[in-house]
$ cat protein-v4.cif   # mmCIF, C-alpha atoms
data_query
#
loop_
_atom_site.label_atom_id
_atom_site.label_comp_id
_atom_site.auth_asym_id
_atom_site.auth_seq_id
_atom_site.Cartn_x
_atom_site.Cartn_y
_atom_site.Cartn_z
CA PHE A 1 78.91 75.91 67.55
CA PHE A 2 78.59 78.67 70.19
CA LEU A 3 82.08 80.08 69.47
CA VAL A 4 81.50 79.94 65.69
CA SER A 5 78.22 81.85 66.12
CA ILE A 6 79.94 84.60 68.13
CA PHE A 7 82.65 84.89 65.46
CA PHE A 8 80.17 85.33 62.59
CA CYS A 9 78.08 87.78 64.65
CA GLY A 10 81.19 89.90 65.18
CA ILE A 11 82.03 89.83 61.46
CA ASN A 12 78.46 90.79 60.60
CA SER A 13 78.47 93.74 63.03
CA ILE A 14 81.63 95.12 61.43
CA THR A 15 80.44 94.67 57.85
CA THR A 16 77.09 96.33 58.61
CA MET A 17 78.76 99.31 60.27
CA GLU A 18 78.31 102.63 58.56
CA PRO A 19 81.34 103.67 56.44
CA GLN A 20 82.01 106.77 58.55
CA ASP A 21 81.88 104.68 61.75
CA ARG A 22 84.34 102.14 60.33
CA SER A 23 86.66 104.97 59.34
CA ARG A 24 86.46 106.49 62.81
CA VAL A 25 87.27 103.15 64.46
CA ASN A 26 90.23 102.57 62.15
CA ASN A 27 91.55 106.07 62.82
CA ASP A 28 91.22 105.59 66.57
CA LEU A 29 93.08 102.29 66.42
CA SER A 30 95.84 103.62 64.22
CA SER A 31 96.35 106.76 66.31
CA SER A 32 96.41 104.81 69.59
CA SER A 33 99.03 102.45 68.28
CA SER A 34 101.23 105.11 66.69
CA GLU A 35 101.27 107.64 69.52
CA SER A 36 103.20 106.25 72.46
CA GLU A 37 103.03 107.40 76.04
CA PHE A 38 106.45 109.04 75.69
CA GLU A 39 105.37 110.96 72.57
CA LEU A 40 102.29 112.21 74.38
CA GLU A 41 104.45 113.31 77.29
CA GLU A 42 106.73 115.18 74.89
CA LYS A 43 103.61 116.80 73.41
CA LEU A 44 102.73 117.95 76.91
CA LYS A 45 106.04 119.75 77.17
CA SER A 46 105.94 121.37 73.71
CA ASN A 47 102.29 122.49 73.58
CA PHE A 48 102.42 124.66 76.67
CA GLU A 49 101.16 128.10 75.65
CA SER A 50 102.34 131.48 76.82
CA ALA A 51 100.97 132.51 80.22
CA ASN A 52 100.83 136.24 79.47
CA GLY A 53 97.52 138.02 79.95
CA ASP A 54 94.38 136.18 78.81
CA GLN A 55 96.32 133.08 77.65
CA LYS A 56 97.27 132.14 81.22
CA ASN A 57 94.05 130.20 81.78
CA ASN A 58 94.39 128.36 78.46
CA ALA A 59 97.99 127.48 79.25
CA ILE A 60 96.98 125.73 82.48
CA ASP A 61 94.14 123.87 80.75
CA ASP A 62 96.49 122.66 78.01
CA ILE A 63 98.78 121.07 80.61
CA PHE A 64 95.90 119.18 82.17
CA ASP A 65 94.39 118.16 78.81
CA ASP A 66 97.65 116.57 77.70
CA GLU A 67 98.03 114.83 81.07
CA ASP A 68 94.54 113.40 80.48
CA ALA A 69 95.68 112.20 77.05
CA ILE A 70 98.61 110.43 78.67
CA MET A 71 96.24 108.72 81.10
CA HIS A 72 94.15 107.39 78.18
CA SER A 73 97.08 106.31 76.03
CA PRO A 74 97.60 102.56 75.42
CA GLY A 75 98.68 100.72 78.55
CA ILE A 76 97.36 103.20 81.12
CA LYS A 77 93.91 103.03 82.68
CA PRO A 78 92.61 105.87 84.90
CA GLY A 79 92.89 104.59 88.45
CA GLY A 80 93.90 101.23 87.08
CA ASN A 81 97.17 99.73 85.96
CA LEU A 82 100.36 100.04 87.97
CA ARG A 83 103.50 99.23 86.02
CA MET A 84 106.63 97.93 87.72
CA ASN A 85 109.97 98.32 85.97
CA SER A 86 111.71 94.96 86.12
CA GLU A 87 113.37 92.55 83.72
CA SER A 88 110.08 90.80 83.15
CA ALA A 89 108.13 94.11 82.91
CA VAL A 90 105.38 92.71 85.12
CA LYS A 91 102.15 94.70 85.13
CA LEU A 92 99.81 94.68 88.11
CA ASP A 93 96.24 95.02 86.89
CA MET A 94 94.37 96.82 89.66
CA ASP A 95 91.02 96.21 87.96
CA THR A 96 91.10 92.42 88.25
CA ASP A 97 93.39 92.20 91.27
CA PRO A 98 92.60 95.33 93.38
CA ASN A 99 95.60 95.01 95.67
CA GLY A 100 97.92 93.43 93.14
CA GLU A 101 98.69 90.83 95.78
CA LYS A 102 98.64 87.71 93.59
CA GLN A 103 100.87 89.10 90.85
CA LEU A 104 103.17 90.86 93.32
CA ALA A 105 103.60 87.64 95.28
CA SER A 106 104.32 85.78 92.04
CA LEU A 107 106.90 88.42 91.07
CA ILE A 108 108.68 88.19 94.45
CA LYS A 109 108.68 84.41 94.31
CA GLN A 110 110.05 84.34 90.75
CA ASP A 111 112.77 86.87 91.51
CA SER A 112 113.80 84.90 94.58
CA LEU A 113 114.06 81.68 92.56
CA ASP A 114 116.01 83.41 89.80
CA ASN A 115 118.49 84.97 92.19
CA ALA A 116 119.19 82.23 94.73
CA GLY A 117 116.88 79.32 94.09
CA LYS A 118 115.11 80.04 97.36
CA LYS A 119 113.64 82.97 99.27
CA GLN A 120 116.14 85.41 100.70
CA ILE A 121 115.66 87.05 104.09
CA VAL A 122 116.94 90.59 104.66
CA SER A 123 118.51 90.67 108.09
CA GLU A 124 119.16 94.42 108.28
CA ILE A 125 118.41 97.64 106.43
CA PRO A 126 121.36 98.66 104.25
CA THR A 127 123.10 101.94 104.97
CA ALA A 128 121.82 104.80 102.81
CA LEU A 129 124.14 106.16 100.14
CA PRO A 130 125.40 109.72 100.73
CA LEU A 131 124.02 112.53 98.62
CA MET A 132 126.09 113.78 95.74
CA GLY A 133 127.25 117.27 96.50
CA SER A 134 126.89 116.77 100.25
CA PRO A 135 129.85 117.21 102.62
CA GLN A 136 130.22 113.42 102.86
CA THR A 137 130.90 113.10 99.10
CA LYS A 138 133.28 116.00 98.48
CA GLY A 139 136.45 114.78 96.82
CA LYS A 140 135.17 111.19 96.73
CA ASP A 141 133.75 108.96 94.02
CA HIS A 142 130.93 106.81 95.38
CA GLY A 143 129.74 105.67 91.97
CA ILE A 144 126.31 107.23 92.51
CA PRO A 145 124.57 107.84 89.16
CA PRO A 146 123.09 111.29 88.52
CA PRO A 147 119.31 111.67 89.00
CA LYS A 148 117.09 111.05 85.99
CA THR A 149 113.87 112.73 84.95
CA GLY A 150 112.47 109.96 82.77
CA THR A 151 112.24 112.47 79.91
CA ASN A 152 114.64 114.50 77.80
CA LEU A 153 114.06 117.55 79.98
CA PRO A 154 117.13 119.06 81.65
CA MET A 155 117.72 118.42 85.33
CA MET A 156 120.48 119.40 87.68
CA SER A 157 122.79 116.47 88.36
CA ARG A 158 123.79 117.93 91.73
CA PRO A 159 120.98 117.24 94.21
CA ARG A 160 119.99 119.89 96.73
CA TYR A 161 121.56 119.22 100.12
CA HIS A 162 119.72 120.20 103.32
CA ILE A 163 120.82 119.64 106.89
CA PRO A 164 118.53 117.12 108.66
CA HIS A 165 117.45 119.51 111.42
CA VAL A 166 113.71 120.23 111.74
CA GLU A 167 111.82 122.04 114.48
CA GLN A 168 110.26 119.76 117.04
CA PHE A 169 106.96 121.61 117.34
CA GLU A 170 104.87 123.20 114.60
CA PRO A 171 102.39 125.63 116.15
CA LEU A 172 99.25 126.26 114.14
CA TYR A 173 99.06 129.54 112.30
CA THR A 174 96.13 131.78 113.25
CA PRO A 175 94.47 132.96 110.03
CA GLN A 176 94.26 136.71 109.59
CA ASP A 177 90.83 138.27 110.09
CA ASN A 178 88.98 139.02 106.84
CA ILE A 179 91.83 137.50 104.80
CA LEU A 180 89.41 135.86 102.35
CA GLU A 181 87.60 139.14 101.68
CA GLU A 182 90.93 140.88 101.06
CA CYS A 183 92.05 138.19 98.64
CA LEU A 184 88.80 138.28 96.68
CA LYS A 185 88.97 142.07 96.51
CA ARG A 186 92.54 141.96 95.25
CA GLU A 187 91.54 139.30 92.70
CA SER A 188 88.69 141.49 91.45
CA GLU A 189 90.98 144.50 91.08
CA ARG A 190 93.45 142.50 89.07
CA VAL A 191 90.75 141.32 86.68
CA SER A 192 89.29 144.78 86.19
CA HIS A 193 92.66 146.55 85.81
CA GLN A 194 94.79 144.16 83.81
CA GLU A 195 96.64 147.06 82.25
CA ASN A 196 98.50 147.48 85.56
CA LEU A 197 99.88 143.95 85.52
CA MET A 198 103.47 143.31 84.45
CA ASN A 199 102.75 139.73 83.30
CA ARG A 200 106.46 139.04 82.79
CA VAL A 201 107.63 135.42 82.64
CA VAL A 202 110.68 135.21 84.88
CA TYR A 203 110.96 131.42 85.06
CA ASP A 204 110.03 128.38 82.99
CA CYS A 205 111.47 124.94 83.60
CA ILE A 206 111.02 123.81 79.98
CA ASP A 207 110.94 126.73 77.56
CA PRO A 208 114.26 128.36 76.60
CA SER A 209 115.07 131.59 78.36
CA PRO A 210 114.90 134.86 76.41
CA HIS A 211 117.37 136.37 78.89
CA THR A 212 120.52 135.11 77.20
CA ASN A 213 122.59 138.28 77.20
CA PHE A 214 123.95 137.74 80.71
CA ALA A 215 127.19 135.89 81.32
CA THR A 216 127.23 133.77 84.46
CA ASP A 217 129.43 131.11 86.02
CA VAL A 218 127.40 127.97 86.66
CA PRO A 219 128.67 125.48 89.28
CA GLU A 220 129.34 121.97 88.08
CA GLY A 221 126.15 119.91 88.03
CA ASP A 222 123.86 122.97 87.90
CA LEU A 223 122.00 124.66 85.06
CA PRO A 224 122.12 128.36 84.11
CA PRO A 225 119.25 130.33 85.66
CA PHE A 226 116.29 131.30 83.50
CA TYR A 227 116.64 134.90 84.64
CA GLN A 228 119.65 136.74 85.99
CA PRO A 229 119.30 140.19 87.62
CA SER A 230 120.85 142.98 85.58
CA SER A 231 122.12 144.95 88.60
CA LEU A 232 121.91 145.23 92.38
CA ASP A 233 118.87 147.45 91.91
CA ASP A 234 117.03 144.62 90.15
CA TYR A 235 114.91 142.99 92.88
CA THR A 236 113.39 140.33 90.60
CA LEU A 237 113.40 136.94 92.26
CA VAL A 238 115.33 134.14 90.60
CA PHE A 239 113.29 130.91 90.64
CA GLU A 240 114.52 127.36 90.21
CA SER A 241 112.87 123.92 90.27
CA ARG A 242 114.96 121.76 87.94
CA PHE A 243 116.06 119.50 90.76
CA GLU A 244 114.68 116.35 92.34
CA SER A 245 111.01 116.66 93.35
CA GLY A 246 110.87 120.25 92.10
CA ASN A 247 107.68 120.93 90.15
CA LEU A 248 107.36 124.66 89.48
CA ARG A 249 106.56 125.03 85.80
CA ARG A 250 106.37 128.80 85.38
CA ALA A 251 106.67 132.00 87.43
CA ILE A 252 105.00 135.20 86.22
CA GLN A 253 105.81 138.55 87.77
CA VAL A 254 102.55 140.48 88.05
CA TYR A 255 103.77 143.31 90.30
CA GLU A 256 107.23 144.24 91.49
CA PHE A 257 107.01 142.00 94.56
CA GLU A 258 104.18 139.63 93.58
CA TYR A 259 104.36 136.48 91.48
CA ASP A 260 101.82 134.07 89.99
CA LEU A 261 103.09 130.49 90.02
CA ILE A 262 101.95 127.57 87.83
CA LEU A 263 102.76 124.04 88.98
CA LYS A 264 103.39 121.01 86.83
CA PRO A 265 100.69 118.40 87.56
CA ASP A 266 101.69 115.04 88.96
CA TYR A 267 102.53 112.59 86.20
CA ASN A 268 99.98 109.85 85.43
CA THR A 269 97.15 111.94 86.86
CA ARG A 270 94.39 113.99 85.28
CA GLY A 271 95.89 117.24 86.46
CA HIS A 272 96.35 116.73 90.19
CA THR A 273 98.28 119.54 91.88
CA GLN A 274 98.97 119.75 95.59
CA TRP A 275 102.71 119.29 96.10
CA TYR A 276 105.06 122.16 95.32
CA TYR A 277 108.81 122.55 95.76
CA PHE A 278 111.03 125.29 94.34
CA SER A 279 113.68 127.80 95.36
CA VAL A 280 114.00 131.58 95.17
CA SER A 281 117.04 133.83 95.41
CA ASN A 282 118.05 137.49 94.91
CA MET A 283 115.62 138.60 97.62
CA ARG A 284 115.94 141.65 99.89
CA ALA A 285 115.42 141.36 103.63
CA ASP A 286 113.30 144.49 104.00
CA LYS A 287 110.74 143.58 101.30
CA THR A 288 107.51 141.59 101.50
CA TYR A 289 106.98 139.16 98.62
CA ARG A 290 103.65 137.59 97.69
CA PHE A 291 103.36 134.18 95.99
CA ASN A 292 100.14 133.01 94.32
CA ILE A 293 99.98 129.37 93.22
CA ILE A 294 97.08 129.71 90.80
CA ASN A 295 96.35 126.18 89.49
CA MET A 296 95.39 124.29 92.62
CA MET A 297 92.55 121.75 92.34
CA LYS A 298 91.13 120.93 95.79
CA PRO A 299 88.03 122.88 96.88
CA ASP A 300 89.44 123.39 100.38
CA SER A 301 92.78 123.10 102.11
CA LEU A 302 94.39 122.92 105.54
CA TYR A 303 96.05 126.22 104.66
CA ASN A 304 92.76 127.80 105.73
CA HIS A 305 92.97 126.04 109.09
CA GLY A 306 96.42 126.82 110.44
CA MET A 307 98.83 125.10 108.05
CA ARG A 308 101.85 126.99 106.68
CA PRO A 309 104.41 126.25 103.94
CA VAL A 310 107.80 124.87 104.92
CA MET A 311 110.92 126.86 104.10
CA TYR A 312 114.67 126.32 104.21
CA SER A 313 117.20 129.15 104.20
CA GLU A 314 120.76 128.32 103.18
CA MET A 315 122.11 131.24 105.23
CA GLU A 316 120.13 130.20 108.31
CA ALA A 317 121.43 126.65 107.92
CA LYS A 318 125.04 127.86 107.79
CA LYS A 319 124.82 130.47 110.54
CA SER A 320 122.50 128.89 113.10
CA LYS A 321 122.10 125.26 111.93
CA ARG A 322 118.38 125.83 111.40
CA GLY A 323 116.80 123.49 108.87
CA TRP A 324 113.28 123.17 107.53
CA HIS A 325 110.66 125.17 109.41
CA ARG A 326 107.19 126.61 108.85
CA GLY A 327 106.85 130.16 107.53
CA GLY A 328 104.66 132.58 105.65
CA HIS A 329 101.93 135.06 106.49
CA SER A 330 98.62 136.26 105.02
CA ILE A 331 97.92 132.66 103.99
CA CYS A 332 94.67 131.94 102.16
CA TYR A 333 93.30 129.23 99.87
CA TYR A 334 90.34 130.24 97.71
CA GLN A 335 88.63 129.81 94.35
CA ASN A 336 89.95 132.16 91.69
CA HIS A 337 88.29 133.48 88.52
CA MET A 338 89.92 131.10 86.03
CA LYS A 339 87.60 128.47 84.60
CA ARG A 340 88.62 124.92 83.85
CA LYS A 341 87.70 123.42 80.48
CA ASN A 342 85.91 120.49 82.09
CA GLY A 343 83.87 122.71 84.39
CA GLY A 344 84.53 124.39 87.68
CA PHE A 345 87.31 126.79 88.60
CA TYR A 346 90.92 126.68 89.67
CA TYR A 347 91.98 127.55 93.20
CA THR A 348 94.74 129.80 94.49
CA LEU A 349 97.09 129.35 97.42
CA THR A 350 98.47 132.75 98.34
CA PHE A 351 100.97 133.69 101.04
CA THR A 352 103.55 136.36 101.76
CA MET A 353 107.19 135.95 102.76
CA LYS A 354 109.56 138.40 104.44
CA PHE A 355 113.05 136.95 104.24
CA ALA A 356 115.65 137.40 106.97
CA HIS A 357 118.71 137.84 104.74
CA ASP A 358 119.67 139.66 101.56
CA LEU A 359 120.63 137.58 98.52
CA ASP A 360 119.82 134.31 100.25
CA THR A 361 118.62 131.10 98.59
CA VAL A 362 115.37 129.88 100.16
CA TYR A 363 113.48 126.69 99.35
CA LEU A 364 109.68 126.60 99.67
CA ALA A 365 107.64 123.38 99.74
CA HIS A 366 104.29 121.91 100.70
CA CYS A 367 106.00 119.58 103.18
CA TYR A 368 109.50 118.31 103.95
CA PRO A 369 110.95 117.00 100.66
CA TYR A 370 111.90 113.33 100.62
CA THR A 371 113.66 112.75 97.31
CA TYR A 372 114.80 109.55 95.60
CA THR A 373 118.48 110.38 95.98
#

$ encode --input "protein-v4.cif" --output "structure tokens"
Amino acid sequence: FFLVSIFFCGINSITTMEPQDRSRVNNDLSSSSSESEFELEEKLKSNFESANGDQKNNAIDDIFDDEDAIMHSPGIKPGGNLRMNSESAVKLDMDTDPNGEKQLASLIKQDSLDNAGKKQIVSEIPTALPLMGSPQTKGKDHGIPPPKTGTNLPMMSRPRYHIPHVEQFEPLYTPQDNILEECLKRESERVSHQENLMNRVVYDCIDPSPHTNFATDVPEGDLPPFYQPSSLDDYTLVFESRFESGNLRRAIQVYEFEYDLILKPDYNTRGHTQWYYFSVSNMRADKTYRFNIINMMKPDSLYNHGMRPVMYSEMEAKKSKRGWHRGGHSICYYQNHMKRKNGGFYYTLTFTMKFAHDLDTVYLAHCYPYTYT
């Protein structure tokens, strides 16, 4: 009798619903079932607006809005479900089982029974596979599949290879006196004199390049650069991030030696940005370049307390066997003038670089990259 009462109460609540409310519910249900997570992710890639001039702020907001849509699509709960890719497509519900321990234990037990009829004990850690494109794999076929992005976006099949050397000690960087005041002053001047800004898109990891009139030889496994310098007098940096763990979405040249950078937010988040990893080339050793990552989210950062970006120079690695090390000057993390749609402002990480070699390829990252491959 209790269950029958609940059933008729539910039917009555639906039949007494206002027509416009019933229509809204039906539309919500139909849209949630027809728009998959993959389609929403593709929408994220295609709806990215131009970052020139006043549209730069809207472009960043659009990225984060679509990431929020992905988080609320069917099958994903904010801070909730963790999906594991397996034959049984087991889902760990973090709402009912906070640590996922019961379902994870059940998954391990079932896999063990399926594979051997009993639990298997791993006696030693298997040897890591060599990187494709590394010296260990030249002229050999190890059967290693190329890296995958999980989307239809292009990605270089040849992973970046770095020597394993790192510096033993990382001394703290002493922040420059009055660096915050200088950054805020420079920010104010840019806002008040936008006519002096170049606002030229020199890199985008998704949109097609308008610079298609240059012929270039691309190594096997790589992709053609978004921008190629027209001559030796062209000092424009060539950016790249279409490799494993790279996440630079767009680079905008605002002055001859200054660039605004927009990061892709972490997938399955509501716009979280902290990690960055990209490369630059076509630099000149006697020039000082400034990089401004303009869509950071945290209100404060260790960059204001002695932390520096990590960098890797291909020429330094070949000549002196020097690997990843800390670098950068005039480092500051501060709130910029761009408002977020959901309230608050974006933050900027700014730093300068003076490279040691001409026409080098230098990788810049938040910390030492540790990729899947």

$ resolve_selection --input "protein-v4.cif" --expression "the PyMOL selection byres ((chain A and resi 356) around 6)" --output "NGL selection string"
:A and (285 or 355 or 357)

$ atom_distance --input "protein-v4.cif" --atom1 "atom CA of A:Leu223" --atom2 "atom CA of A:Gln253"
21.5 Å

$ atom_distance --input "protein-v4.cif" --atom1 "atom CA of A:Asn336" --atom2 "atom CA of A:Thr273"
15.1 Å

$ residues_around --input "protein-v4.cif" --residues "A:Tyr347" --least-positions-apart "6" --cutoff "9 Å" --atoms "all atoms listed in the file" --output "list of chain:residue names"
A:Ile293, A:Ile294, A:Asn295, A:Met296, A:Met297, A:Lys298, A:Pro299, A:Asp300, A:Tyr333, A:Tyr334, A:Gln335, A:Asn336, A:His337, A:Met338

$ resolve_selection --input "protein-v4.cif" --expression "the PyMOL selection byres ((chain A and resi 163) around 10)" --output "ChimeraX atom specification"
/A:134,161-162,164-166,312,314,317-318,321-324

$ write_last_selection --input "protein-v4.cif" --atoms "C-alpha atoms" --output "PDB file, keeping the file's coordinate frame"
ATOM      1  CA  SER A 134     126.890 116.770 100.250  1.00  0.00           C
ATOM      2  CA  TYR A 161     121.560 119.220 100.120  1.00  0.00           C
ATOM      3  CA  HIS A 162     119.720 120.200 103.320  1.00  0.00           C
ATOM      4  CA  PRO A 164     118.530 117.120 108.660  1.00  0.00           C
ATOM      5  CA  HIS A 165     117.450 119.510 111.420  1.00  0.00           C
ATOM      6  CA  VAL A 166     113.710 120.230 111.740  1.00  0.00           C
ATOM      7  CA  TYR A 312     114.670 126.320 104.210  1.00  0.00           C
ATOM      8  CA  GLU A 314     120.760 128.320 103.180  1.00  0.00           C
ATOM      9  CA  ALA A 317     121.430 126.650 107.920  1.00  0.00           C
ATOM     10  CA  LYS A 318     125.040 127.860 107.790  1.00  0.00           C
ATOM     11  CA  LYS A 321     122.100 125.260 111.930  1.00  0.00           C
ATOM     12  CA  ARG A 322     118.380 125.830 111.400  1.00  0.00           C
ATOM     13  CA  GLY A 323     116.800 123.490 108.870  1.00  0.00           C
ATOM     14  CA  TRP A 324     113.280 123.170 107.530  1.00  0.00           C
TER      15      TRP A 324
END

$ atom_distance --input "protein-v4.cif" --atom1 "atom CA of A:Pro265" --atom2 "atom CA of A:Asn292"
16.1 Å

$ residues_around --input "protein-v4.cif" --residues "stretch 198-206 of chain A" --least-positions-apart "2" --cutoff "6 Å" --atoms "all atoms listed in the file" --output "MDAnalysis selection string"
chainID A and resid 52 226:227 249:255

$ closest_residue --input "protein-v4.cif" --among "A:Ser313, A:Ser231, A:Thr174, A:Asn304" --to "A:Thr348" --atoms "only C-alpha atoms"
A:Asn304

$ resolve_selection --input "protein-v4.cif" --expression "the PyMOL selection byres ((chain A and resi 278) around 12)" --output "PyMOL selection string"
chain A and resi 160+203-205+238-251+261-264+275-277+279-281+291+293+309-312+361-369

$ closest_residue --input "protein-v4.cif" --among "A:Thr288, A:Ser188, A:Asn196, A:Ser209" --to "A:Tyr235" --atoms "all atoms listed in the file"
A:Thr288

$ residues_around --input "protein-v4.cif" --residues "stretch 175-182 of chain A" --least-positions-apart "3" --cutoff "9 Å" --atoms "all atoms listed in the file" --output "PyMOL selection string"
chain A and resi 185-187+303-306+329-334

$ decode --input "protein-v4.cif" --residues "stretch 178-186 of chain A" --atoms "all heavy atoms" --output "CSV table (one decimal), in the first residue's frame"
chain,number,residue,atom,x,y,z
A,178,ASN,N,59.4,46.0,-5.5
A,178,ASN,CA,58.3,46.8,-6.2
A,178,ASN,C,57.9,46.1,-7.5
A,178,ASN,O,57.4,46.8,-8.4
A,178,ASN,CB,58.8,48.2,-6.5
A,178,ASN,CG,59.2,49.0,-5.2
A,178,ASN,OD1,58.6,48.8,-4.2
A,178,ASN,ND2,60.3,49.8,-5.3
A,179,ILE,N,58.0,44.8,-7.6
A,179,ILE,CA,57.7,44.1,-8.8
A,179,ILE,C,56.1,44.2,-9.0
A,179,ILE,O,55.7,44.3,-10.2
A,179,ILE,CB,58.2,42.6,-8.8
A,179,ILE,CG1,57.8,42.0,-10.1
A,179,ILE,CG2,57.6,41.9,-7.7
A,179,ILE,CD1,58.5,42.5,-11.4
A,180,LEU,N,55.4,44.0,-7.9
A,180,LEU,CA,53.9,44.1,-8.1
A,180,LEU,C,53.4,45.4,-8.6
A,180,LEU,O,52.6,45.5,-9.5
A,180,LEU,CB,53.3,43.7,-6.7
A,180,LEU,CG,51.7,43.8,-6.7
A,180,LEU,CD1,51.1,42.8,-7.8
A,180,LEU,CD2,51.2,43.5,-5.3
A,181,GLU,N,54.0,46.5,-8.0
A,181,GLU,CA,53.6,47.9,-8.5
A,181,GLU,C,54.0,48.1,-9.9
A,181,GLU,O,53.2,48.7,-10.7
A,181,GLU,CB,54.4,48.9,-7.6
A,181,GLU,CG,53.8,49.0,-6.2
A,181,GLU,CD,54.4,47.9,-5.3
A,181,GLU,OE1,55.2,47.1,-5.8
A,181,GLU,OE2,54.0,47.9,-4.1
A,182,GLU,N,55.1,47.5,-10.4
A,182,GLU,CA,55.5,47.7,-11.8
A,182,GLU,C,54.5,46.9,-12.7
A,182,GLU,O,54.1,47.4,-13.8
A,182,GLU,CB,56.9,47.2,-12.0
A,182,GLU,CG,58.0,48.0,-11.4
A,182,GLU,CD,59.4,47.5,-11.6
A,182,GLU,OE1,59.5,46.5,-12.4
A,182,GLU,OE2,60.3,48.0,-11.0
A,183,CYS,N,54.1,45.7,-12.3
A,183,CYS,CA,53.2,44.9,-13.1
A,183,CYS,C,51.8,45.6,-13.2
A,183,CYS,O,51.2,45.6,-14.2
A,183,CYS,CB,53.0,43.5,-12.5
A,183,CYS,SG,54.5,42.5,-12.6
A,184,LEU,N,51.3,46.1,-12.1
A,184,LEU,CA,50.0,46.8,-12.1
A,184,LEU,C,50.1,48.0,-12.9
A,184,LEU,O,49.1,48.4,-13.6
A,184,LEU,CB,49.6,47.1,-10.6
A,184,LEU,CG,49.3,45.9,-9.7
A,184,LEU,CD1,48.9,46.3,-8.3
A,184,LEU,CD2,48.2,45.0,-10.3
A,185,LYS,N,51.2,48.7,-12.9
A,185,LYS,CA,51.3,49.9,-13.7
A,185,LYS,C,51.3,49.6,-15.2
A,185,LYS,O,50.7,50.2,-16.0
A,185,LYS,CB,52.6,50.7,-13.3
A,185,LYS,CG,52.8,52.0,-14.1
A,185,LYS,CD,54.1,52.6,-13.7
A,185,LYS,CE,54.4,53.9,-14.5
A,185,LYS,NZ,55.6,54.6,-14.1
A,186,ARG,N,52.1,48.5,-15.5
A,186,ARG,CA,52.1,48.1,-16.9
A,186,ARG,C,50.8,47.6,-17.4
A,186,ARG,O,50.3,47.8,-18.5
A,186,ARG,CB,53.2,47.0,-17.0
A,186,ARG,CG,53.4,46.5,-18.5
A,186,ARG,CD,54.6,45.6,-18.6
A,186,ARG,NE,54.6,44.5,-17.7
A,186,ARG,CZ,55.3,44.3,-16.7
A,186,ARG,NH1,56.2,45.2,-16.3
A,186,ARG,NH2,55.2,43.2,-15.9
